[in-house]
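**Student:** For reference, this is final.csv, and it has CSV, C-alpha atoms.
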```csv
chain,number,residue,atom,x,y,z
A,138,MET,CA,0.0,0.0,0.0
A,139,ILE,CA,1.3,3.5,-0.9
A,140,PRO,CA,2.0,5.6,2.2
A,141,TYR,CA,-0.7,8.3,2.1
A,142,ALA,CA,-2.1,10.7,4.6
A,143,GLU,CA,-4.1,13.9,4.8
A,144,PHE,CA,-3.5,16.8,7.2
A,145,LYS,CA,-5.8,19.7,7.8
A,146,ALA,CA,-3.8,22.9,7.9
A,147,PRO,CA,-5.4,26.2,9.1
A,148,LYS,CA,-6.1,26.8,5.4
A,149,GLY,CA,-6.6,23.7,3.3
A,150,VAL,CA,-6.1,20.0,3.5
A,151,ILE,CA,-2.6,18.7,2.5
A,152,LYS,CA,-2.7,15.3,0.9
A,153,VAL,CA,0.6,13.5,0.6
A,154,GLU,CA,1.5,10.3,-1.2
A,155,LEU,CA,5.0,9.0,-0.7
A,156,GLU,CA,7.4,6.5,-2.1
A,157,LEU,CA,10.0,5.5,0.5
A,158,THR,CA,13.4,3.7,0.1
A,159,ASN,CA,14.6,2.7,3.5
A,160,ASP,CA,14.0,5.8,5.6
A,161,ARG,CA,14.2,8.3,2.8
A,162,ILE,CA,11.7,9.8,0.5
A,163,SER,CA,12.2,8.6,-3.1
A,164,SER,CA,9.2,10.5,-4.4
A,165,ALA,CA,6.5,12.7,-3.0
A,166,PHE,CA,3.1,13.7,-4.6
A,167,ILE,CA,1.3,16.5,-2.9
A,168,SER,CA,-2.3,17.6,-3.6
A,169,GLY,CA,-5.0,19.5,-1.8
A,170,ASP,CA,-7.0,22.7,-1.6
A,171,PHE,CA,-4.3,25.1,-0.3
A,172,PHE,CA,-3.0,28.1,-2.1
A,173,MET,CA,0.6,28.5,-3.3
A,174,TYR,CA,2.1,31.5,-5.1
A,175,PRO,CA,3.6,30.8,-7.6
A,176,GLU,CA,1.7,27.6,-8.3
A,177,GLU,CA,4.6,26.0,-10.2
A,178,ALA,CA,6.5,25.9,-6.9
A,179,ILE,CA,4.6,22.8,-5.9
A,180,GLU,CA,6.8,20.7,-8.2
A,181,ALA,CA,9.9,22.2,-6.7
A,182,LEU,CA,8.6,21.3,-3.2
A,183,GLU,CA,8.1,17.7,-4.3
A,184,ARG,CA,11.6,17.6,-5.8
A,185,THR,CA,13.1,19.2,-2.6
A,186,LEU,CA,11.8,16.3,-0.6
A,187,GLU,CA,13.4,13.6,-2.7
A,188,GLY,CA,16.3,12.0,-0.8
A,189,VAL,CA,15.3,13.6,2.5
A,190,GLU,CA,15.2,11.4,5.6
A,191,VAL,CA,11.8,10.8,7.1
A,192,GLN,CA,12.6,12.6,10.3
A,193,LYS,CA,11.0,15.8,11.6
A,194,GLU,CA,14.1,18.0,11.8
A,195,ALA,CA,15.5,17.0,8.5
A,196,LEU,CA,12.1,17.5,6.8
A,197,LEU,CA,11.6,20.9,8.5
A,198,ALA,CA,15.0,22.0,7.4
A,199,ALA,CA,14.4,21.0,3.8
A,200,VAL,CA,10.9,22.6,3.6
A,201,GLN,CA,12.2,25.8,5.3
A,202,ASN,CA,15.0,25.9,2.8
A,203,PHE,CA,12.5,25.6,0.0
A,204,TYR,CA,10.6,28.6,1.4
A,205,ASN,CA,13.7,30.7,1.8
A,206,SER,CA,15.2,29.9,-1.6
A,207,THR,CA,11.9,30.3,-3.6
A,208,GLY,CA,10.2,33.1,-1.7
A,209,VAL,CA,7.0,31.0,-2.1
A,210,LEU,CA,3.8,32.3,-0.4
A,211,THR,CA,1.3,29.8,1.2
A,212,PRO,CA,-1.3,31.8,3.1
A,213,MET,CA,-2.1,30.2,6.5
A,214,VAL,CA,0.0,27.1,5.6
A,215,GLU,CA,3.5,26.9,7.3
A,216,PRO,CA,6.5,24.6,6.8
A,217,ARG,CA,5.5,22.6,9.8
A,218,HIS,CA,2.2,21.7,8.3
A,219,TRP,CA,3.8,20.1,5.2
A,220,VAL,CA,6.1,18.2,7.5
A,221,GLU,CA,3.2,17.0,9.7
A,222,ALA,CA,1.4,15.7,6.5
A,223,ILE,CA,4.5,13.9,5.3
A,224,LEU,CA,5.2,12.3,8.7
A,225,ARG,CA,1.7,11.1,8.9
A,226,ALA,CA,1.9,9.6,5.4
A,227,ALA,CA,5.2,7.9,6.3
A,228,SER,CA,3.9,6.4,9.4
A,229,GLY,CA,0.9,5.1,7.6
A,230,GLU,CA,-1.5,7.0,9.8
A,231,ARG,CA,-4.8,7.6,8.0
A,232,LYS,CA,-7.1,10.4,8.8
B,153,MET,CA,-2.5,69.2,9.9
B,154,ASN,CA,-0.2,68.8,6.9
B,155,SER,CA,-0.5,65.1,6.8
B,156,ALA,CA,-4.3,65.3,6.8
B,157,ILE,CA,-4.1,67.5,3.7
B,158,VAL,CA,-1.8,65.0,2.0
B,159,ILE,CA,-4.2,62.1,2.7
B,160,ASN,CA,-7.1,64.0,1.3
B,161,THR,CA,-5.3,64.9,-1.9
B,162,THR,CA,-4.2,61.3,-2.4
B,163,LYS,CA,-7.8,60.1,-2.0
B,164,GLU,CA,-9.2,62.6,-4.4
B,165,ARG,CA,-6.7,61.6,-7.0
B,166,LYS,CA,-7.7,58.0,-6.6
B,167,ASP,CA,-11.4,58.8,-6.7
B,168,THR,CA,-11.1,60.3,-10.2
B,169,GLY,CA,-8.3,58.3,-11.5
B,170,SER,CA,-9.3,54.7,-11.9
B,171,GLU,CA,-11.6,53.4,-14.6
B,172,TRP,CA,-12.1,49.6,-15.0
B,173,ARG,CA,-13.9,47.8,-17.7
B,174,LEU,CA,-17.1,45.9,-17.0
B,175,LEU,CA,-18.0,43.1,-19.3
B,176,PRO,CA,-21.6,41.9,-20.0
B,177,LEU,CA,-23.0,38.8,-18.3
B,178,ARG,CA,-21.9,35.7,-20.3
B,179,THR,CA,-22.9,32.1,-20.1
B,180,ASP,CA,-20.3,29.6,-21.4
B,181,ASP,CA,-19.0,26.2,-20.9
B,182,ALA,CA,-16.3,25.8,-18.2
B,183,PHE,CA,-13.5,25.4,-20.7
B,184,THR,CA,-14.3,28.7,-22.5
B,185,SER,CA,-14.8,30.5,-19.2
B,186,MET,CA,-11.4,29.4,-17.8
B,187,ALA,CA,-9.8,30.3,-21.1
B,188,ILE,CA,-11.3,33.8,-21.1
B,189,ASP,CA,-10.1,34.3,-17.5
B,190,GLU,CA,-6.5,33.3,-18.5
B,191,ALA,CA,-6.6,35.4,-21.6
B,192,LEU,CA,-7.6,38.4,-19.6
B,193,LEU,CA,-4.9,37.8,-17.1
B,194,LYS,CA,-2.2,37.3,-19.8
B,195,LEU,CA,-3.2,40.3,-21.8
B,196,ASN,CA,-3.6,42.5,-18.7
B,197,ALA,CA,-0.1,41.6,-17.7
B,198,GLY,CA,1.1,42.5,-21.2
B,199,CYS,CA,-0.7,45.9,-20.9
B,200,LYS,CA,-3.1,44.9,-23.7
B,201,SER,CA,-6.2,44.5,-21.6
B,202,PRO,CA,-7.5,47.0,-19.1
B,203,ASN,CA,-8.4,46.1,-15.5
B,204,THR,CA,-11.6,44.2,-15.9
B,205,ILE,CA,-14.5,42.9,-13.9
B,206,ARG,CA,-16.9,40.3,-15.3
B,207,PHE,CA,-19.8,38.2,-14.2
B,208,TRP,CA,-20.7,34.9,-15.8
B,209,ARG,CA,-22.5,31.6,-15.5
B,210,TRP,CA,-21.7,28.0,-16.2
B,211,GLN,CA,-23.5,25.9,-18.9
B,212,PRO,CA,-23.5,23.0,-18.4
B,213,SER,CA,-23.1,22.9,-14.6
B,214,THR,CA,-19.5,22.1,-13.7
B,215,VAL,CA,-17.3,20.9,-11.0
B,216,SER,CA,-14.0,23.0,-10.9
B,217,ILE,CA,-11.1,21.7,-8.9
B,218,GLY,CA,-8.2,23.8,-7.6
B,219,CYS,CA,-4.9,23.6,-9.5
B,220,PHE,CA,-3.2,21.5,-6.8
B,221,GLN,CA,-6.0,19.0,-6.4
B,222,SER,CA,-6.1,15.4,-7.7
B,223,VAL,CA,-9.3,15.0,-9.8
B,224,GLU,CA,-9.5,11.3,-8.9
B,225,ARG,CA,-9.4,12.1,-5.2
B,226,GLU,CA,-11.9,14.9,-5.3
B,227,VAL,CA,-14.5,14.3,-7.9
B,228,ASP,CA,-16.8,11.3,-8.6
B,229,LEU,CA,-16.4,11.3,-12.4
B,230,GLU,CA,-19.1,8.6,-12.8
B,231,VAL,CA,-21.7,10.8,-11.1
B,232,ALA,CA,-20.5,13.8,-13.1
B,233,LYS,CA,-21.0,11.9,-16.3
B,234,ARG,CA,-24.4,10.7,-15.3
B,235,TYR,CA,-25.6,14.3,-14.5
B,236,GLY,CA,-23.9,15.7,-17.6
B,237,VAL,CA,-21.7,17.9,-15.4
B,238,ASP,CA,-18.4,19.0,-16.8
B,239,VAL,CA,-15.2,18.8,-14.8
B,240,VAL,CA,-12.4,21.3,-15.1
B,241,ARG,CA,-9.1,22.2,-13.4
B,242,ARG,CA,-8.6,25.8,-12.6
B,243,ILE,CA,-5.3,27.7,-12.8
B,244,THR,CA,-6.1,29.0,-9.2
B,245,GLY,CA,-5.6,27.1,-6.0
B,246,GLY,CA,-8.3,26.2,-3.5
B,247,GLY,CA,-10.9,23.5,-3.4
B,248,ALA,CA,-13.4,21.7,-5.6
B,249,VAL,CA,-16.6,23.6,-6.2
B,250,PHE,CA,-19.9,22.6,-7.8
B,251,HIS,CA,-21.0,25.4,-10.1
B,252,ASP,CA,-24.8,25.0,-10.6
B,253,HIS,CA,-26.0,26.5,-13.9
B,254,GLY,CA,-29.3,27.7,-12.3
B,255,GLY,CA,-27.9,28.7,-8.9
B,256,GLU,CA,-24.6,30.4,-9.1
B,257,LEU,CA,-23.3,33.7,-10.4
B,258,THR,CA,-19.5,33.8,-10.8
B,259,TYR,CA,-17.3,36.8,-10.9
B,260,SER,CA,-13.7,37.5,-12.2
B,261,VAL,CA,-11.5,40.4,-11.4
B,262,VAL,CA,-8.4,40.9,-13.4
B,263,CYS,CA,-6.0,43.8,-12.5
B,264,ARG,CA,-2.4,44.8,-12.3
B,265,GLN,CA,-0.7,43.5,-9.2
B,266,GLY,CA,0.2,47.0,-8.1
B,267,ASP,CA,-3.6,47.8,-7.9
B,268,VAL,CA,-4.0,45.4,-4.9
B,269,PRO,CA,-2.0,44.9,-1.7
B,270,ASP,CA,1.1,42.8,-2.0
B,271,ASP,CA,0.0,40.8,1.1
B,272,VAL,CA,-2.1,37.9,-0.2
B,273,ILE,CA,-4.8,38.0,2.5
B,274,GLU,CA,-5.1,41.8,2.3
B,275,SER,CA,-5.6,41.5,-1.5
B,276,TYR,CA,-8.4,39.0,-0.9
B,277,ARG,CA,-9.9,41.3,1.7
B,278,LEU,CA,-9.9,44.2,-0.8
B,279,ILE,CA,-11.5,42.2,-3.7
B,280,CYS,CA,-13.9,40.2,-1.5
B,281,GLY,CA,-14.8,43.6,0.0
B,282,GLY,CA,-16.7,44.2,-3.2
B,283,LEU,CA,-18.8,41.1,-2.6
B,284,VAL,CA,-19.4,42.1,1.1
B,285,ARG,CA,-20.8,45.4,-0.1
B,286,GLY,CA,-22.7,43.6,-2.8
B,287,PHE,CA,-24.4,41.3,-0.3
B,288,GLU,CA,-25.2,44.3,1.8
B,289,HIS,CA,-26.9,45.9,-1.2
B,290,LEU,CA,-29.0,42.7,-1.3
B,291,GLY,CA,-29.9,43.3,2.3
B,292,LEU,CA,-27.5,40.8,4.0
B,293,ARG,CA,-25.0,41.3,6.7
B,294,ALA,CA,-21.8,40.0,5.2
B,295,GLU,CA,-18.1,39.8,6.3
B,296,PHE,CA,-14.8,38.7,4.8
B,297,LYS,CA,-13.4,35.5,6.3
B,298,PRO,CA,-9.7,35.0,5.5
B,299,VAL,CA,-8.3,33.6,3.4
B,300,ASN,CA,-10.9,33.6,0.7
B,301,ASP,CA,-14.5,33.4,1.9
B,302,VAL,CA,-17.4,35.7,2.5
B,303,HIS,CA,-19.9,34.9,5.1
B,304,ALA,CA,-23.5,36.1,5.4
B,305,ASN,CA,-25.3,35.9,8.7
B,306,GLY,CA,-22.5,33.7,10.0
B,307,LYS,CA,-22.5,31.2,7.1
B,308,LYS,CA,-20.3,30.8,4.0
B,309,ILE,CA,-22.0,32.4,0.9
B,310,SER,CA,-19.1,32.9,-1.4
B,311,GLY,CA,-15.6,31.5,-2.0
B,312,SER,CA,-12.9,32.9,-4.2
B,313,ALA,CA,-9.5,31.8,-5.6
B,314,GLN,CA,-6.7,34.0,-6.8
B,315,THR,CA,-3.5,33.7,-8.9
B,316,ARG,CA,-0.8,36.1,-9.6
B,317,ARG,CA,1.1,35.7,-12.8
B,318,TRP,CA,3.3,37.9,-15.0
B,319,GLY,CA,2.6,41.0,-12.9
B,320,SER,CA,-1.2,40.7,-12.8
B,321,VAL,CA,-3.8,39.2,-10.6
B,322,LEU,CA,-6.8,37.1,-11.4
B,323,GLN,CA,-9.4,36.5,-8.7
B,324,HIS,CA,-12.6,34.6,-9.5
B,325,GLY,CA,-15.2,33.3,-7.2
B,326,THR,CA,-18.8,32.2,-6.5
B,327,VAL,CA,-21.9,34.0,-5.4
B,328,LEU,CA,-24.2,31.2,-4.2
B,329,ILE,CA,-27.7,32.2,-5.2
B,330,SER,CA,-29.5,28.8,-5.0
B,331,PRO,CA,-27.2,25.9,-5.7
B,332,ASP,CA,-28.3,22.2,-5.3
B,333,ILE,CA,-26.3,21.4,-2.2
B,334,ARG,CA,-27.2,17.7,-2.2
B,335,LYS,CA,-26.0,17.3,-5.8
B,336,MET,CA,-22.8,19.1,-4.8
B,337,PHE,CA,-22.0,16.4,-2.3
B,338,GLU,CA,-22.9,13.6,-4.7
B,339,LEU,CA,-20.3,15.0,-7.1
B,340,LEU,CA,-17.6,15.7,-4.6
B,341,LYS,CA,-15.8,12.8,-3.0
B,342,VAL,CA,-16.8,13.2,0.6
B,343,SER,CA,-17.1,9.8,2.2
B,344,ARG,CA,-20.3,8.0,1.2
B,345,GLU,CA,-21.8,7.9,4.6
B,346,LYS,CA,-21.5,11.6,4.8
B,347,ILE,CA,-24.2,12.1,2.2
B,348,SER,CA,-26.9,11.5,4.8
B,349,ASP,CA,-29.7,13.8,5.8
B,350,LYS,CA,-27.7,14.5,9.0
B,351,PHE,CA,-24.6,15.5,7.0
B,352,ILE,CA,-26.6,17.7,4.6
B,353,ALA,CA,-28.2,19.4,7.6
B,354,SER,CA,-24.8,20.1,9.1
B,355,VAL,CA,-23.8,21.7,5.7
B,356,TYR,CA,-26.8,23.9,5.9
B,357,GLU,CA,-25.4,25.1,9.3
B,358,ARG,CA,-22.2,26.3,7.6
B,359,VAL,CA,-23.1,27.2,4.0
B,360,THR,CA,-26.0,29.4,2.9
B,361,THR,CA,-27.4,31.0,-0.3
B,362,VAL,CA,-28.8,34.3,-1.2
B,363,GLU,CA,-32.2,32.7,-1.8
B,364,ARG,CA,-32.2,31.3,1.7
B,365,GLU,CA,-31.1,34.4,3.4
B,366,ILE,CA,-33.4,36.9,1.7
B,367,GLY,CA,-36.3,34.5,1.3
B,368,ARG,CA,-36.7,34.7,-2.5
B,369,LYS,CA,-34.6,33.9,-5.5
B,370,PRO,CA,-33.3,37.2,-7.0
B,371,THR,CA,-32.5,37.4,-10.7
B,372,PHE,CA,-29.0,37.0,-11.9
B,373,GLU,CA,-29.1,40.6,-13.2
B,374,GLU,CA,-30.2,41.8,-9.8
B,375,VAL,CA,-27.3,40.1,-8.0
B,376,ARG,CA,-24.9,41.3,-10.7
B,377,GLU,CA,-26.0,44.9,-10.2
B,378,ALA,CA,-25.6,44.6,-6.5
B,379,MET,CA,-22.1,43.1,-6.8
B,380,LEU,CA,-20.8,45.5,-9.4
B,381,ALA,CA,-21.9,48.5,-7.2
B,382,GLY,CA,-20.1,46.7,-4.4
B,383,PHE,CA,-16.9,46.4,-6.4
B,384,GLU,CA,-17.1,50.1,-7.4
B,385,ASP,CA,-17.2,51.0,-3.7
B,386,SER,CA,-14.6,48.7,-2.4
B,387,LEU,CA,-12.1,49.1,-5.2
B,388,ASN,CA,-12.8,52.8,-5.5
B,389,VAL,CA,-13.1,52.5,-9.2
B,390,GLU,CA,-15.5,53.6,-11.9
B,391,LEU,CA,-16.8,50.7,-14.0
B,392,ARG,CA,-17.2,51.5,-17.7
B,393,GLU,CA,-19.2,49.0,-19.8
B,394,GLY,CA,-17.1,47.3,-22.5
B,395,GLU,CA,-16.8,44.2,-24.6
B,396,LEU,CA,-14.1,41.5,-25.0
B,397,THR,CA,-11.7,42.5,-27.7
B,398,SER,CA,-11.0,40.4,-30.7
B,399,GLU,CA,-7.5,39.8,-29.3
B,400,GLU,CA,-8.9,38.5,-26.0
B,401,LEU,CA,-11.4,36.3,-27.8
B,402,GLU,CA,-8.7,34.9,-30.1
B,403,LEU,CA,-6.4,34.1,-27.2
B,404,ALA,CA,-9.2,32.5,-25.3
B,405,LYS,CA,-10.0,30.3,-28.3
B,406,LYS,CA,-6.4,29.2,-28.4
B,407,LEU,CA,-6.3,28.4,-24.6
B,408,ARG,CA,-9.6,26.5,-24.5
B,409,PRO,CA,-8.3,23.1,-25.7
B,410,LYS,CA,-5.9,23.0,-22.8
B,411,TYR,CA,-8.8,23.3,-20.3
B,412,ALA,CA,-10.9,20.7,-22.2
B,413,SER,CA,-8.0,18.2,-22.3
B,414,ASP,CA,-7.7,15.1,-20.2
B,415,GLU,CA,-4.0,15.8,-19.7
B,416,TRP,CA,-4.8,19.1,-17.9
B,417,LEU,CA,-7.6,17.6,-16.0
B,418,ARG,CA,-5.5,14.7,-14.7
B,419,LYS,CA,-2.4,16.8,-14.2
B,420,ARG,CA,-2.4,16.0,-10.5
```
Now, as a test, write the supplied structure out as structure tokens.
**Tutor:**
Amino acid sequence: MIPYAEFKAPKGVIKVELELTNDRISSAFISGDFFMYPEEAIEALERTLEGVEVQKEALLAAVQNFYNSTGVLTPMVEPRHWVEAILRAASGERK
Amino acid sequence: MNSAIVINTTKERKDTGSEWRLLPLRTDDAFTSMAIDEALLKLNAGCKSPNTIRFWRWQPSTVSIGCFQSVEREVDLEVAKRYGVDVVRRITGGGAVFHDHGGELTYSVVCRQGDVPDDVIESYRLICGGLVRGFEHLGLRAEFKPVNDVHANGKKISGSAQTRRWGSVLQHGTVLISPDIRKMFELLKVSREKISDKFIASVYERVTTVEREIGRKPTFEEVREAMLAGFEDSLNVELREGELTSEELELAKKLRPKYASDEWLRKR
């Protein structure tokens, strides 16, 4: 079964589908009803996650770096919300 | 004293300075409407189209999904097919929406990014402010609910979605006049057990319509008049009636096949 989870951020539900190799993300697919400016950045976020260890601090650093380097805007969705969704998917928790 | 004078002068200049185009009410299929919105955005960014407000309707009724949504996860395509409801992916984020031909008026605002606040929520507040005033013209007490909703009498009555590209802003959204709420939940993939009378009742606690709040179904033209007056107030602009240009129509015609394509629909 593909690791998948949903997490309700203050604005929007983040839906994450993962492929894992050992403890690292080999690919991530993110969907949901959030907003992201510019929209194309979603693909950059997915790529950013590739190779990252499924561990809270490592994920937070990667996502934070994605925000810093792209200047992306996601109203009422913060780095920790993506991380929470990813961790839930990786742990097989369904909601 | 001096600063007060400066503020007044600025306001006066704004009062007389801004003229935006108002397009006539159109009814199109989803793919054409999405293409028109993108064409307006592109040409506004290229300084070939003026800032524009338009109101429009969907025929046939359509489910639109946000640009980050997975169509398979959000929409029951079998049910859509059975009802003859189109499904389209927007270029704007946000959620899946059922646009009922007989029960929804949709608006689009296209303008230069410099004409709205940089802050995303503040820009929604400004544009949704037009809807708030519009609902007030219809006799409702309405308020903006960040990020992108308007509530009337404590319930959601309008949702909007915005994108910023190439230096311009497109914001489009719904005015719920009298949509079929039950059909909406048949089309959207909420869990099966949720489409119960109890669930529908709970939706009626959170979502409302103009018809329900004012006790009669207003005409589309009446709602349009109220909303455009609202936008004039909140944006502090004068709306001048105009038509789509041949350049806009041609670009929309070119963009339409993308929105009608399976590739675009299943992009996520």
**Student:** Quick one: residues within 10 Å of A:Ala178, all atoms listed in the file counted, chain neighbours fewer than 3 positions away excluded, as a list in words?
**Tutor:** Met173, Tyr174, Pro175, Ala181, Leu182, Glu183, Arg184, Phe203, Tyr204, Thr207, Gly208, Val209 and Leu210 of chain A
**Student:** Hey, what's within 6 Å of stretch 170-172 of chain B if we count only C-alpha atoms and toss same-chain stuff fewer than 4 positions away? As a list in words, please?
**Tutor:**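 Result of the neighbour search: Asn203, Thr204, Val389, Glu390 and Leu391 of chain B.
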**Student:** So for stretch 157-175 of chain A, what box centre and size do we get, axis-aligned, 8 Å extra on each of the six sides, every listed atom, Å to one decimal, as lines of an AutoDock Vina configuration file?
**Tutor:**
```
center_x = 3.8
center_y = 17.1
center_z = -1.0
size_x = 37.6
size_y = 44.8
size_z = 29.2
```
**Student:** Distance limit 6 Å, atoms considered: all atoms listed in the file. Which chain A residues sit that close to chain B? Return them as a PDB file with C-alpha atoms, in the frame of the given file.
**Tutor:**
```
ATOM      1  CA  SER A 168      -2.300  17.600  -3.600  1.00  0.00           C
ATOM      2  CA  GLY A 169      -5.000  19.500  -1.800  1.00  0.00           C
ATOM      3  CA  ASP A 170      -7.000  22.700  -1.600  1.00  0.00           C
ATOM      4  CA  PHE A 171      -4.300  25.100  -0.300  1.00  0.00           C
ATOM      5  CA  PHE A 172      -3.000  28.100  -2.100  1.00  0.00           C
TER       6      PHE A 172
END
```
**Student:** One decimal, in Å: what's the spacing between atom CA of A:Pro216 and atom CA of A:Gln201?
**Tutor:**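 For atom CA of A:Pro216 relative to atom CA of A:Gln201, the distance reads 6.0 Å.
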**Student:** In Å, with one decimal, what is the gap from atom CA of B:Ser386 to atom CA of B:Asn196?
**Tutor:**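 A separation of 20.6 Å between them.
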**Student:** If we count only C-alpha atoms, what is near B:Glu274 at a cut-off of 12 Å, once residues fewer than 4 positions away on the same chain are taken out, given as a list in words?
**Tutor:**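 Surrounding residues, per the criterion: Pro212 of chain A; Asp267, Val268, Pro269, Asp270, Leu278, Ile279, Cys280, Gly281, Phe296, Lys297, Pro298, Val299 and Asn300 of chain B.
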**Student:** Hey, what's within 10 Å of stretch 141-147 of chain A if we count only C-alpha atoms and toss same-chain stuff fewer than 2 positions away? As a ChimeraX atom specification, please?
**Tutor:** /A:138-139,149-156,165-171,212-215,217-232 /B:299
**Student:** Could you please determine the separation between atom CA of B:Leu175 and atom CA of B:Trp208 in Å, to one decimal place?
**Tutor:**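 Distance reported for this atom pair: 9.3 Å.
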**Student:** For B:Gly311, which of B:Leu257, B:Leu387, B:Val342, B:Met336 is the closest residue, counting all atoms listed in the file?
**Tutor:** B:Leu257
**Student:** Write out as number ranges by chain which residues come within 9 Å of B:Arg264 when counting all atoms listed in the file, dropping same-chain ones fewer than 4 positions away.
**Tutor:** B: 193, 196-197, 199, 202-203, 268, 319-322
**Student:** Taking into account all atoms listed in the file, which residue in the set A:Ile162, A:Thr211, A:Ile179, A:Pro140 is nearest to A:Ala195?
**Tutor:**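 Among the listed residues, A:Ile162 lies closest to A:Ala195.
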**Student:** With only C-alpha atoms as the basis for distance, which of B:Phe250, B:Trp318, B:Phe183, B:Phe207 is at the shortest distance from B:Lys341?
**Tutor:** B:Phe250
**Student:** Because the input lacks atoms here, generate N, CA and C atoms for stretch 184-201 of chain A and report them as a CSV table (one decimal), keeping the file's coordinate frame.
**Tutor:**
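Dumped to out30.csv:
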```
chain,number,residue,atom,x,y,z
A,184,ARG,N,10.2,18.0,-5.4
A,184,ARG,CA,11.6,17.6,-5.8
A,184,ARG,C,12.5,17.8,-4.6
A,185,THR,N,12.3,18.9,-3.8
A,185,THR,CA,13.1,19.2,-2.6
A,185,THR,C,13.1,18.0,-1.6
A,186,LEU,N,11.9,17.3,-1.6
A,186,LEU,CA,11.8,16.3,-0.6
A,186,LEU,C,12.5,15.0,-1.0
A,187,GLU,N,12.8,14.9,-2.2
A,187,GLU,CA,13.4,13.6,-2.7
A,187,GLU,C,14.8,13.4,-2.0
A,188,GLY,N,15.0,12.3,-1.4
A,188,GLY,CA,16.3,12.0,-0.8
A,188,GLY,C,16.3,12.4,0.7
A,189,VAL,N,15.3,13.1,1.1
A,189,VAL,CA,15.3,13.6,2.5
A,189,VAL,C,14.9,12.5,3.5
A,190,GLU,N,15.6,12.4,4.6
A,190,GLU,CA,15.2,11.4,5.6
A,190,GLU,C,13.9,11.7,6.2
A,191,VAL,N,13.1,10.6,6.4
A,191,VAL,CA,11.8,10.8,7.1
A,191,VAL,C,12.0,11.0,8.6
A,192,GLN,N,12.3,12.3,8.9
A,192,GLN,CA,12.6,12.6,10.3
A,192,GLN,C,12.2,14.1,10.4
A,193,LYS,N,11.6,14.4,11.5
A,193,LYS,CA,11.0,15.8,11.6
A,193,LYS,C,12.0,16.9,11.3
A,194,GLU,N,13.2,16.9,12.0
A,194,GLU,CA,14.1,18.0,11.8
A,194,GLU,C,14.6,18.1,10.4
A,195,ALA,N,14.9,17.0,9.8
A,195,ALA,CA,15.5,17.0,8.5
A,195,ALA,C,14.4,17.5,7.5
A,196,LEU,N,13.2,17.1,7.7
A,196,LEU,CA,12.1,17.5,6.8
A,196,LEU,C,11.8,19.0,6.9
A,197,LEU,N,11.8,19.4,8.2
A,197,LEU,CA,11.6,20.9,8.5
A,197,LEU,C,12.7,21.7,7.8
A,198,ALA,N,13.9,21.3,7.9
A,198,ALA,CA,15.0,22.0,7.4
A,198,ALA,C,14.9,22.1,5.8
A,199,ALA,N,14.5,21.0,5.2
A,199,ALA,CA,14.4,21.0,3.8
A,199,ALA,C,13.2,21.9,3.3
A,200,VAL,N,12.1,21.8,4.0
A,200,VAL,CA,10.9,22.6,3.6
A,200,VAL,C,11.2,24.1,3.9
A,201,GLN,N,11.9,24.4,5.0
A,201,GLN,CA,12.2,25.8,5.3
A,201,GLN,C,13.2,26.3,4.3
```
